[in-house]
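Q: Supplied structure: start_18.pdb, PDB, C-alpha atoms.
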```pdb
ATOM      1  CA  MET A   5      37.431  43.093 -23.972
ATOM      2  CA  SER A   6      34.579  44.973 -25.675
ATOM      3  CA  ARG A   7      32.328  43.454 -28.319
ATOM      4  CA  THR A   8      33.589  45.149 -31.445
ATOM      5  CA  GLY A   9      32.948  42.392 -33.946
ATOM      6  CA  GLN A  10      36.664  42.356 -34.739
ATOM      7  CA  LEU A  11      39.198  39.691 -33.834
ATOM      8  CA  PRO A  12      41.941  40.707 -31.408
ATOM      9  CA  ALA A  13      45.319  41.593 -32.879
ATOM     10  CA  PRO A  14      47.224  38.514 -34.115
ATOM     11  CA  VAL A  15      49.900  36.992 -31.909
ATOM     12  CA  LYS A  16      53.143  38.635 -33.002
ATOM     13  CA  SER A  17      55.886  36.727 -31.194
ATOM     14  CA  VAL A  18      56.992  33.282 -30.079
ATOM     15  CA  ASP A  19      57.158  34.646 -26.523
ATOM     16  CA  GLU A  20      53.481  35.625 -26.611
ATOM     17  CA  LEU A  21      52.402  32.341 -28.182
ATOM     18  CA  LEU A  22      54.246  30.271 -25.592
ATOM     19  CA  ALA A  23      52.736  32.360 -22.789
ATOM     20  CA  VAL A  24      49.224  31.661 -24.068
ATOM     21  CA  ALA A  25      50.060  27.990 -24.709
ATOM     22  CA  GLU A  26      51.275  27.493 -21.137
ATOM     23  CA  ALA A  27      48.158  29.190 -19.779
ATOM     24  CA  LEU A  28      45.924  26.996 -21.960
ATOM     25  CA  GLU A  29      47.585  23.802 -20.731
ATOM     26  CA  GLN A  30      47.309  24.889 -17.106
ATOM     27  CA  GLU A  31      43.657  25.834 -17.529
ATOM     28  CA  ALA A  32      42.909  22.505 -19.221
ATOM     29  CA  ALA A  33      44.530  20.670 -16.301
ATOM     30  CA  THR A  34      42.386  22.647 -13.846
ATOM     31  CA  ARG A  35      39.263  21.892 -15.871
ATOM     32  CA  TYR A  36      40.000  18.169 -15.991
ATOM     33  CA  ARG A  37      40.737  18.032 -12.254
ATOM     34  CA  ALA A  38      37.352  19.665 -11.643
ATOM     35  CA  LEU A  39      35.638  17.143 -13.920
ATOM     36  CA  SER A  40      37.479  14.317 -12.168
ATOM     37  CA  ALA A  41      36.251  15.531  -8.787
ATOM     38  CA  ARG A  42      32.697  15.841 -10.050
ATOM     39  CA  MET A  43      32.665  12.372 -11.609
ATOM     40  CA  GLY A  44      34.127  11.012  -8.365
ATOM     41  CA  ARG A  45      31.319  12.596  -6.343
ATOM     42  CA  GLN A  46      28.851  10.893  -8.691
ATOM     43  CA  GLY A  47      30.492   7.535  -8.047
ATOM     44  CA  ASP A  48      31.980   7.115 -11.528
ATOM     45  CA  THR A  49      35.489   6.178 -10.430
ATOM     46  CA  GLU A  50      36.536   5.082 -13.928
ATOM     47  CA  MET A  51      35.769   8.495 -15.430
ATOM     48  CA  ALA A  52      37.300  10.255 -12.426
ATOM     49  CA  ALA A  53      40.535   8.347 -13.007
ATOM     50  CA  ARG A  54      40.423   9.115 -16.730
ATOM     51  CA  PHE A  55      40.127  12.853 -16.142
ATOM     52  CA  ASP A  56      42.900  12.705 -13.545
ATOM     53  CA  PHE A  57      45.049  11.050 -16.204
ATOM     54  CA  LEU A  58      44.154  13.772 -18.735
ATOM     55  CA  ALA A  59      44.944  16.473 -16.172
ATOM     56  CA  GLY A  60      48.365  14.929 -15.654
ATOM     57  CA  ILE A  61      49.009  15.014 -19.402
ATOM     58  CA  GLU A  62      48.072  18.706 -19.567
ATOM     59  CA  GLU A  63      50.305  19.509 -16.589
ATOM     60  CA  ARG A  64      53.231  17.793 -18.283
ATOM     61  CA  HIS A  65      52.492  19.743 -21.454
ATOM     62  CA  ALA A  66      52.535  22.998 -19.483
ATOM     63  CA  THR A  67      55.950  22.055 -18.092
ATOM     64  CA  HIS A  68      57.129  21.173 -21.607
ATOM     65  CA  VAL A  69      55.980  24.565 -22.920
ATOM     66  CA  ALA A  70      57.842  26.322 -20.101
ATOM     67  CA  ASP A  71      60.988  24.310 -20.858
ATOM     68  CA  ARG A  72      60.647  25.123 -24.523
ATOM     69  CA  GLY A  73      60.506  28.805 -23.680
ATOM     70  CA  ARG A  74      63.753  28.499 -21.753
ATOM     71  CA  THR A  75      65.367  26.762 -24.728
ATOM     72  CA  MET A  76      64.069  29.114 -27.414
ATOM     73  CA  LEU A  77      64.055  32.394 -25.475
ATOM     74  CA  GLY A  78      66.396  31.856 -22.564
ATOM     75  CA  HIS A  79      63.558  32.243 -20.039
ATOM     76  CA  ALA A  80      60.198  30.746 -19.152
ATOM     77  CA  PRO A  81      57.133  32.210 -20.929
ATOM     78  CA  ASP A  82      56.042  35.504 -19.396
ATOM     79  CA  PRO A  83      52.280  35.536 -18.605
ATOM     80  CA  ALA A  84      52.313  39.315 -19.043
ATOM     81  CA  CYS A  85      52.979  38.772 -22.755
ATOM     82  CA  ALA A  86      49.655  37.019 -23.287
ATOM     83  CA  ARG A  87      47.115  39.479 -24.671
ATOM     84  CA  TRP A  88      44.539  36.794 -25.411
ATOM     85  CA  GLU A  89      41.871  35.856 -22.932
ATOM     86  CA  VAL A  90      42.128  32.274 -21.675
ATOM     87  CA  PRO A  91      38.723  30.645 -21.047
ATOM     88  CA  THR A  92      38.046  29.602 -17.469
ATOM     89  CA  GLY A  93      36.331  26.345 -16.598
ATOM     90  CA  TYR A  94      33.737  24.416 -18.564
ATOM     91  CA  ASP A  95      30.346  25.892 -19.358
ATOM     92  CA  GLU A  96      28.566  26.056 -15.997
ATOM     93  CA  GLU A  97      25.156  26.427 -17.667
ATOM     94  CA  GLU A  98      25.727  23.289 -19.751
ATOM     95  CA  ALA A  99      27.095  21.432 -16.723
ATOM     96  CA  SER A 100      24.221  22.372 -14.423
ATOM     97  CA  GLY A 101      21.995  19.647 -13.064
ATOM     98  CA  ALA A 102      22.038  16.846 -10.562
ATOM     99  CA  SER A 103      24.479  14.707 -12.515
ATOM    100  CA  LEU A 104      26.866  14.839 -15.423
ATOM    101  CA  SER A 105      27.083  11.841 -17.737
ATOM    102  CA  ALA A 106      30.378  10.454 -18.986
ATOM    103  CA  TYR A 107      29.375  11.511 -22.489
ATOM    104  CA  GLN A 108      28.671  15.108 -21.403
ATOM    105  CA  ALA A 109      31.932  15.363 -19.485
ATOM    106  CA  LEU A 110      33.923  14.080 -22.451
ATOM    107  CA  ALA A 111      32.032  16.409 -24.799
ATOM    108  CA  PHE A 112      33.205  19.367 -22.674
ATOM    109  CA  ALA A 113      36.767  18.056 -22.923
ATOM    110  CA  VAL A 114      36.537  17.616 -26.705
ATOM    111  CA  ARG A 115      35.306  21.187 -27.140
ATOM    112  CA  ASN A 116      38.162  22.401 -24.959
ATOM    113  CA  GLU A 117      40.741  20.755 -27.235
ATOM    114  CA  GLU A 118      38.934  21.945 -30.385
ATOM    115  CA  ARG A 119      38.949  25.499 -29.042
ATOM    116  CA  ALA A 120      42.710  25.365 -28.515
ATOM    117  CA  PHE A 121      43.195  23.841 -31.981
ATOM    118  CA  ALA A 122      41.156  26.681 -33.530
ATOM    119  CA  PHE A 123      43.310  29.237 -31.724
ATOM    120  CA  TYR A 124      46.622  27.766 -32.907
ATOM    121  CA  THR A 125      45.288  27.400 -36.451
ATOM    122  CA  TYR A 126      44.335  31.063 -36.434
ATOM    123  CA  VAL A 127      47.766  32.070 -35.153
ATOM    124  CA  ALA A 128      49.493  29.978 -37.837
ATOM    125  CA  ALA A 129      47.364  31.515 -40.580
ATOM    126  CA  GLU A 130      48.100  35.062 -39.403
ATOM    127  CA  ALA A 131      51.783  34.592 -38.503
ATOM    128  CA  GLU A 132      54.255  36.715 -40.431
ATOM    129  CA  HIS A 133      57.412  35.033 -39.095
ATOM    130  CA  PRO A 134      58.222  31.434 -40.176
ATOM    131  CA  ASP A 135      59.303  30.398 -36.648
ATOM    132  CA  LEU A 136      56.017  31.593 -35.157
ATOM    133  CA  ARG A 137      54.032  29.850 -37.887
ATOM    134  CA  ALA A 138      55.926  26.570 -37.420
ATOM    135  CA  LEU A 139      55.414  26.632 -33.637
ATOM    136  CA  ALA A 140      51.696  27.373 -33.980
ATOM    137  CA  GLU A 141      51.272  24.543 -36.490
ATOM    138  CA  GLU A 142      53.076  22.116 -34.170
ATOM    139  CA  LEU A 143      50.893  23.128 -31.218
ATOM    140  CA  ALA A 144      47.778  22.787 -33.397
ATOM    141  CA  ARG A 145      48.775  19.231 -34.343
ATOM    142  CA  ASP A 146      49.193  18.380 -30.654
ATOM    143  CA  GLU A 147      45.685  19.645 -29.860
ATOM    144  CA  LEU A 148      44.245  17.749 -32.803
ATOM    145  CA  GLU A 149      45.749  14.535 -31.435
ATOM    146  CA  HIS A 150      44.301  15.279 -27.980
ATOM    147  CA  ALA A 151      40.870  15.894 -29.510
ATOM    148  CA  ALA A 152      41.026  12.644 -31.500
ATOM    149  CA  LEU A 153      41.796  10.677 -28.323
ATOM    150  CA  LEU A 154      38.939  12.324 -26.473
ATOM    151  CA  ARG A 155      36.500  11.799 -29.351
ATOM    152  CA  HIS A 156      37.299   8.077 -29.223
ATOM    153  CA  CYS A 157      36.557   8.045 -25.485
ATOM    154  CA  ARG A 158      33.413  10.108 -26.051
ATOM    155  CA  ARG A 159      32.153   7.691 -28.696
ATOM    156  CA  ARG A 160      32.610   4.774 -26.324
ATOM    157  CA  ALA A 161      30.618   6.672 -23.700
ATOM    158  CA  PHE A 162      27.967   7.454 -26.302
ATOM    159  CA  HIS A 163      27.632   3.750 -27.106
ATOM    160  CA  ALA A 164      27.297   2.914 -23.420
ATOM    161  CA  ASP A 165      24.583   5.546 -22.880
ATOM    162  CA  ARG A 166      22.424   4.753 -25.931
ATOM    163  CA  PRO A 167      20.011   1.836 -26.447
ATOM    164  CA  VAL A 168      21.613  -1.070 -28.298
ATOM    165  CA  PHE A 169      18.778  -1.346 -30.855
ATOM    166  CA  ILE A 170      19.756   2.005 -32.388
ATOM    167  CA  GLU A 171      23.212   0.657 -33.186
ATOM    168  CA  HIS A 172      21.957  -2.211 -35.412
ATOM    169  CA  VAL A 173      20.162  -1.283 -38.636
ATOM    170  CA  ALA A 174      19.165  -4.126 -40.941
ATOM    171  CA  SER A 175      18.794  -2.291 -44.252
ATOM    172  CA  VAL A 176      19.299   0.994 -46.074
ATOM    173  CA  ASP A 177      15.518   1.512 -46.163
ATOM    174  CA  ALA A 178      15.320   1.057 -42.387
ATOM    175  CA  LEU A 179      18.163   3.529 -41.895
ATOM    176  CA  ARG A 180      16.477   6.106 -44.120
ATOM    177  CA  ILE A 181      13.246   5.779 -42.164
ATOM    178  CA  LEU A 182      15.169   6.407 -38.936
ATOM    179  CA  ALA A 183      17.081   9.302 -40.529
ATOM    180  CA  ARG A 184      13.839  10.994 -41.623
ATOM    181  CA  ARG A 185      12.437  10.674 -38.110
ATOM    182  CA  TRP A 186      15.624  11.966 -36.481
ATOM    183  CA  ASP A 187      15.832  14.849 -38.966
ATOM    184  CA  SER A 188      12.205  15.753 -38.345
ATOM    185  CA  GLU A 189      12.748  15.812 -34.585
ATOM    186  CA  ALA A 190      15.934  17.882 -34.970
ATOM    187  CA  SER A 191      14.162  20.260 -37.343
ATOM    188  CA  ALA A 192      11.349  20.870 -34.861
ATOM    189  CA  ALA A 193      13.844  21.389 -32.033
ATOM    190  CA  HIS A 194      16.021  23.801 -34.026
ATOM    191  CA  ALA A 195      12.976  25.731 -35.267
ATOM    192  CA  ALA A 196      11.774  26.171 -31.690
ATOM    193  CA  LEU A 197      15.270  27.248 -30.650
ATOM    194  CA  ALA A 198      15.396  29.802 -33.482
ATOM    195  CA  LYS A 199      12.098  31.291 -32.291
ATOM    196  CA  ALA A 200      13.389  31.504 -28.695
ATOM    197  CA  LEU A 201      16.655  33.096 -29.824
ATOM    198  CA  ASP A 202      14.752  35.661 -31.888
ATOM    199  CA  GLU A 203      12.649  36.554 -28.854
ATOM    200  CA  ALA A 204      15.850  36.935 -26.813
ATOM    201  CA  GLY A 205      17.251  39.369 -29.383
ATOM    202  CA  GLU A 206      19.875  36.935 -30.681
ATOM    203  CA  SER A 207      18.835  37.304 -34.306
ATOM    204  CA  ALA A 208      22.107  36.124 -35.895
ATOM    205  CA  ASP A 209      22.068  32.815 -34.023
ATOM    206  CA  ALA A 210      18.332  32.503 -34.667
ATOM    207  CA  ALA A 211      18.903  32.788 -38.420
ATOM    208  CA  ILE A 212      21.494  30.002 -38.322
ATOM    209  CA  PHE A 213      19.223  27.571 -36.505
ATOM    210  CA  ARG A 214      16.240  28.495 -38.675
ATOM    211  CA  ARG A 215      18.323  27.619 -41.724
ATOM    212  CA  LEU A 216      19.349  24.350 -40.088
ATOM    213  CA  ALA A 217      15.716  23.485 -39.415
ATOM    214  CA  GLU A 218      14.938  24.052 -43.099
ATOM    215  CA  GLN A 219      17.817  21.780 -44.137
ATOM    216  CA  GLU A 220      16.739  19.028 -41.782
ATOM    217  CA  SER A 221      13.111  18.823 -42.854
ATOM    218  CA  GLY A 222      10.532  20.638 -44.963
ATOM    219  CA  ASP A 223       7.949  20.010 -42.261
ATOM    220  CA  ASN A 224       7.882  18.550 -38.769
ATOM    221  CA  ALA A 225       5.000  16.119 -39.214
ATOM    222  CA  GLY A 226       7.207  13.141 -38.352
ATOM    223  CA  ALA A 227       8.562  14.603 -35.139
ATOM    224  CA  ALA A 228       7.460  12.222 -32.413
ATOM    225  CA  THR A 229       9.776  13.573 -29.714
ATOM    226  CA  VAL A 230      11.132  17.102 -29.838
ATOM    227  CA  PRO A 231      14.217  17.745 -27.651
ATOM    228  CA  LYS A 232      13.982  21.016 -25.724
ATOM    229  CA  LEU A 233      16.964  23.247 -26.532
ATOM    230  CA  ARG A 234      17.773  26.195 -24.281
ATOM    231  CA  SER A 235      20.748  27.726 -26.087
ATOM    232  CA  ALA A 236      22.923  27.697 -29.185
ATOM    233  CA  ALA A 237      25.194  25.293 -27.302
ATOM    234  CA  ASP A 238      22.272  22.871 -26.964
ATOM    235  CA  GLY A 239      21.563  23.194 -30.676
ATOM    236  CA  LEU A 240      25.150  22.343 -31.525
ATOM    237  CA  ARG A 241      25.233  19.436 -29.097
ATOM    238  CA  LEU A 242      22.131  17.936 -30.751
ATOM    239  CA  LEU A 243      24.055  17.856 -34.034
ATOM    240  CA  GLU A 244      27.113  16.334 -32.360
ATOM    241  CA  GLU A 245      24.935  13.550 -30.963
ATOM    242  CA  SER A 246      23.438  12.964 -34.418
ATOM    243  CA  PHE A 247      26.898  12.611 -35.922
ATOM    244  CA  ASP A 248      27.923  10.136 -33.213
ATOM    245  CA  ARG A 249      24.716   8.170 -33.802
ATOM    246  CA  TYR A 250      25.597   7.654 -37.488
ATOM    247  CA  ALA A 251      29.225   6.951 -36.608
ATOM    248  CA  MET A 252      27.986   4.248 -34.241
ATOM    249  CA  ILE A 253      25.941   2.673 -37.050
ATOM    250  CA  VAL A 254      29.001   2.718 -39.322
ATOM    251  CA  GLU A 255      30.995   0.913 -36.650
ATOM    252  CA  ARG A 256      28.349  -1.739 -35.967
ATOM    253  CA  ALA A 257      26.650  -2.392 -39.327
ATOM    254  CA  ASP A 258      27.347  -5.651 -41.189
ATOM    255  CA  ASP A 259      25.837  -4.541 -44.514
ATOM    256  CA  GLU A 260      28.269  -2.420 -46.556
ATOM    257  CA  ARG A 261      25.318  -0.589 -48.146
ATOM    258  CA  VAL A 262      24.144   0.471 -44.688
ATOM    259  CA  VAL A 263      27.688   1.557 -43.849
ATOM    260  CA  ALA A 264      27.891   3.684 -47.017
ATOM    261  CA  GLU A 265      24.500   5.317 -46.353
ATOM    262  CA  ALA A 266      25.370   6.025 -42.711
ATOM    263  CA  GLN A 267      28.636   7.615 -43.850
ATOM    264  CA  ARG A 268      26.720   9.794 -46.328
ATOM    265  CA  LEU A 269      24.284  10.879 -43.632
ATOM    266  CA  ALA A 270      27.165  11.590 -41.243
ATOM    267  CA  GLY A 271      28.675  13.788 -43.960
ATOM    268  CA  GLU A 272      25.467  15.819 -44.076
ATOM    269  CA  ILE A 273      25.701  16.319 -40.327
ATOM    270  CA  VAL A 274      29.285  17.587 -40.702
ATOM    271  CA  GLY A 275      27.992  20.263 -43.079
ATOM    272  CA  ARG A 276      25.327  21.247 -40.567
ATOM    273  CA  LEU A 277      27.898  21.361 -37.777
ATOM    274  CA  ALA A 278      29.978  23.764 -39.860
ATOM    275  CA  LEU A 279      26.930  26.003 -40.236
ATOM    276  CA  ALA A 280      25.924  25.769 -36.564
ATOM    277  CA  GLY A 281      29.492  26.471 -35.478
ATOM    278  CA  GLY A 282      28.933  30.072 -36.489
ATOM    279  CA  ALA A 283      26.493  30.385 -33.603
ATOM    280  CA  ARG A 284      29.175  29.552 -31.030
ATOM    281  CA  SER A 285      31.957  32.099 -30.940
ATOM    282  CA  ASN A 286      35.235  30.580 -29.881
ATOM    283  CA  THR A 287      36.278  32.099 -26.561
ATOM    284  CA  LEU A 288      39.812  32.514 -27.864
ATOM    285  CA  LEU A 289      38.800  33.846 -31.263
ATOM    286  CA  GLY A 290      35.752  35.962 -30.453
ATOM    287  CA  ALA A 291      35.205  39.135 -28.489
ATOM    288  CA  ARG A 292      32.917  39.358 -25.492
ATOM    289  CA  SER A 293      31.463  42.037 -23.268
ATOM    290  CA  ASP A 294      33.140  42.775 -19.978
TER     291      ASP A 294
END
```
Now that the file is in, can you turn its structure into structure tokens?

A:
Amino acid sequence: MSRTGQLPAPVKSVDELLAVAEALEQEAATRYRALSARMGRQGDTEMAARFDFLAGIEERHATHVADRGRTMLGHAPDPACARWEVPTGYDEEEASGASLSAYQALAFAVRNEERAFAFYTYVAAEAEHPDLRALAEELARDELEHAALLRHCRRRAFHADRPVFIEHVASVDALRILARRWDSEASAAHAALAKALDEAGESADAAIFRRLAEQESGDNAGAATVPKLRSAADGLRLLEESFDRYAMIVERADDERVVAEAQRLAGEIVGRLALAGGARSNTLLGARSD
């Protein structure tokens, strides 16, 4: 598929949608089996079992989609009907390294489900036939439920991987001091990423992360530790971790004023995630070079 800047033609039939849906479920199962094997090699048997369980769910969903095709169409979905590219595997660049943490593995899985949800939402919005729209909306709800389950698992992994002292904030003033420091560090990291993206000729992504850096902090004087970001994916992941950090404070705080402030700060991160999301084209919704 060439990079034209235009979205592919909308899905026009239930047959085509079911073909893509079956392929997505099968690919998700393959991805989760691969993650299970990798976590097993690292000695994390609990996470290996969890991804095996998720793979089994996806395989059953693929079977369900095929059965639904037989019921609705009189035959199983035809792969030849699928004109949309199905993404293969998780991001090898993101997954590179000696080990993969439980949090990272679950983050890949969450993005997989969110990508499928985005696809079905797009199909529903563009559908001209009520049956196609209803099917796309139902499939989107399924993916949203999968993503919610995985986010819960990811948050638990996040808690396990982060120092306990970050989870307990005694006052709103203490939280705001931490938030200013975290924002300053994120601002410095996103500004450096914007500069690197500009130098690589990725000016559109660079502009997004430069704007994020401006939102996060007017200056970087308070940045004690600046995370090194290599790509737009890294920049987005930094925001995801910030959101989870505030969500963790909401879950653990005893003071309702701290809870309210952490929720407000998490809301700001959601806005930044929406902005940064423009720097990561959805494999199913965007075009790419051959």

Q: Excluding Arg180 (chain A) and residues on its chain fewer than 4 positions from it, collect all residues at most 10 Å away from it, counting all atoms listed in the file, and give them as a list in words.

A: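 The neighbour list is Val173, Ser175, Val176, Arg184, Arg185, Trp186, Val262, Glu265, Ala266 and Leu269 of chain A.
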
Q: Identify which of the residues A:Asn116, A:Arg276, A:Ala161, A:Ala106 lies closest to Thr49 (chain A), counting all atoms listed in the file when measuring atom-to-atom distances.

A: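 For Thr49 (chain A), the nearest of the candidates is A:Ala106.
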
Q: Please identify all polymer residues within 12 Å of Ala264 (chain A), counting only C-alpha atoms, omitting same-chain residues fewer than 6 positions from it, and present them as a list in words.

A: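 So the residues in contact are Ser175, Val176, Leu179, Tyr250, Ala251, Ile253, Val254, Glu255, Ala257, Asp258, Ala270 and Gly271 of chain A.
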
Q: Just to confirm, what's the straight-line distance from CA of Pro83 (chain A) to CA of Leu148 (chain A) in Å (one decimal)?

A: 24.1 Å

Q: Evaluate the PyMOL selection byres ((chain A and resi 124-136) around 8) here and jot the selected residues down as a ChimeraX atom specification.

A: /A:14-18,21,120-123,137-141,143-144

Q: With C-alpha atoms retained, write the just-selected residues as a compact mmCIF listing (two decimals), in the coordinates of the input.

A:
```txt
# COMPACT_ATOMS: atom_id res chain seq x y z
CA PRO A 14 47.22 38.51 -34.12
CA VAL A 15 49.90 36.99 -31.91
CA LYS A 16 53.14 38.64 -33.00
CA SER A 17 55.89 36.73 -31.19
CA VAL A 18 56.99 33.28 -30.08
CA LEU A 21 52.40 32.34 -28.18
CA ALA A 120 42.71 25.36 -28.52
CA PHE A 121 43.20 23.84 -31.98
CA ALA A 122 41.16 26.68 -33.53
CA PHE A 123 43.31 29.24 -31.72
CA ARG A 137 54.03 29.85 -37.89
CA ALA A 138 55.93 26.57 -37.42
CA LEU A 139 55.41 26.63 -33.64
CA ALA A 140 51.70 27.37 -33.98
CA GLU A 141 51.27 24.54 -36.49
CA LEU A 143 50.89 23.13 -31.22
CA ALA A 144 47.78 22.79 -33.40
```

Q: Show me, as a ChimeraX atom specification, the residues that have an atom within 10 Å of region 151-157 of chain A when counting all atoms listed in the file, minus same-chain residues fewer than 3 positions from it.

A: /A:54,58,106-107,110-121,145-148,160-162,248

Q: To one decimal place in Å, what is the distance between CA of Glu26 (chain A) and CA of His79 (chain A)?

A: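 Straight-line distance from CA of Glu26 (chain A) to CA of His79 (chain A) works out to 13.2 Å.
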
Q: For Arg268 (chain A), which of A:His68, A:Arg158, A:Arg37, A:Ala183 is the closest residue, counting only C-alpha atoms?

A: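 Counting only C-alpha atoms, the residue closest to Arg268 (chain A) is A:Ala183.
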
Q: A:Pro231, A:Gly275, A:Ala33, A:Arg42: which is nearest Arg64 (chain A), counting all atoms listed in the file?

A: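 Smallest separation from Arg64 (chain A) among the options: A:Ala33.
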
Q: Record the distance separating CA of Leu39 (chain A) and CA of Asp209 (chain A), expressed in Å with one decimal.

A: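 These atoms are spaced 28.9 Å apart.
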
Q: Starting from the shown file, work through the PyMOL selection byres ((chain A and resi 67) around 12) and note down what comes out as a PyMOL selection string.

A: chain A and resi 22-23+25-30+33+60-66+68-74+80-81

Q: Please determine, counting only C-alpha atoms, which residue among A:Leu277, A:Leu77, A:Cys85, A:Leu197 has the shortest atom-to-atom distance to Ser246 (chain A).

A: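 Counting only C-alpha atoms, the residue closest to Ser246 (chain A) is A:Leu277.
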
Q: Name the residues captured by the PyMOL selection byres ((chain A and resi 213-222) around 8) when it is applied to the shown file; answer as a PyMOL selection string.

A: chain A and resi 184+187-188+190-195+197-198+209-212+223-224+239+276+279-280

Q: Enclose region 111-122 of chain A, meaning all of its atoms listed in the file, in a box aligned along x, y and z, pad it by 6 Å on each side, and list the centre and edge lengths in Å to one decimal, as AutoDock Vina command-line options.

A:
```
--center_x 37.6 --center_y 21.5 --center_z -28.1 --size_x 23.2 --size_y 22.3 --size_z 22.9
```
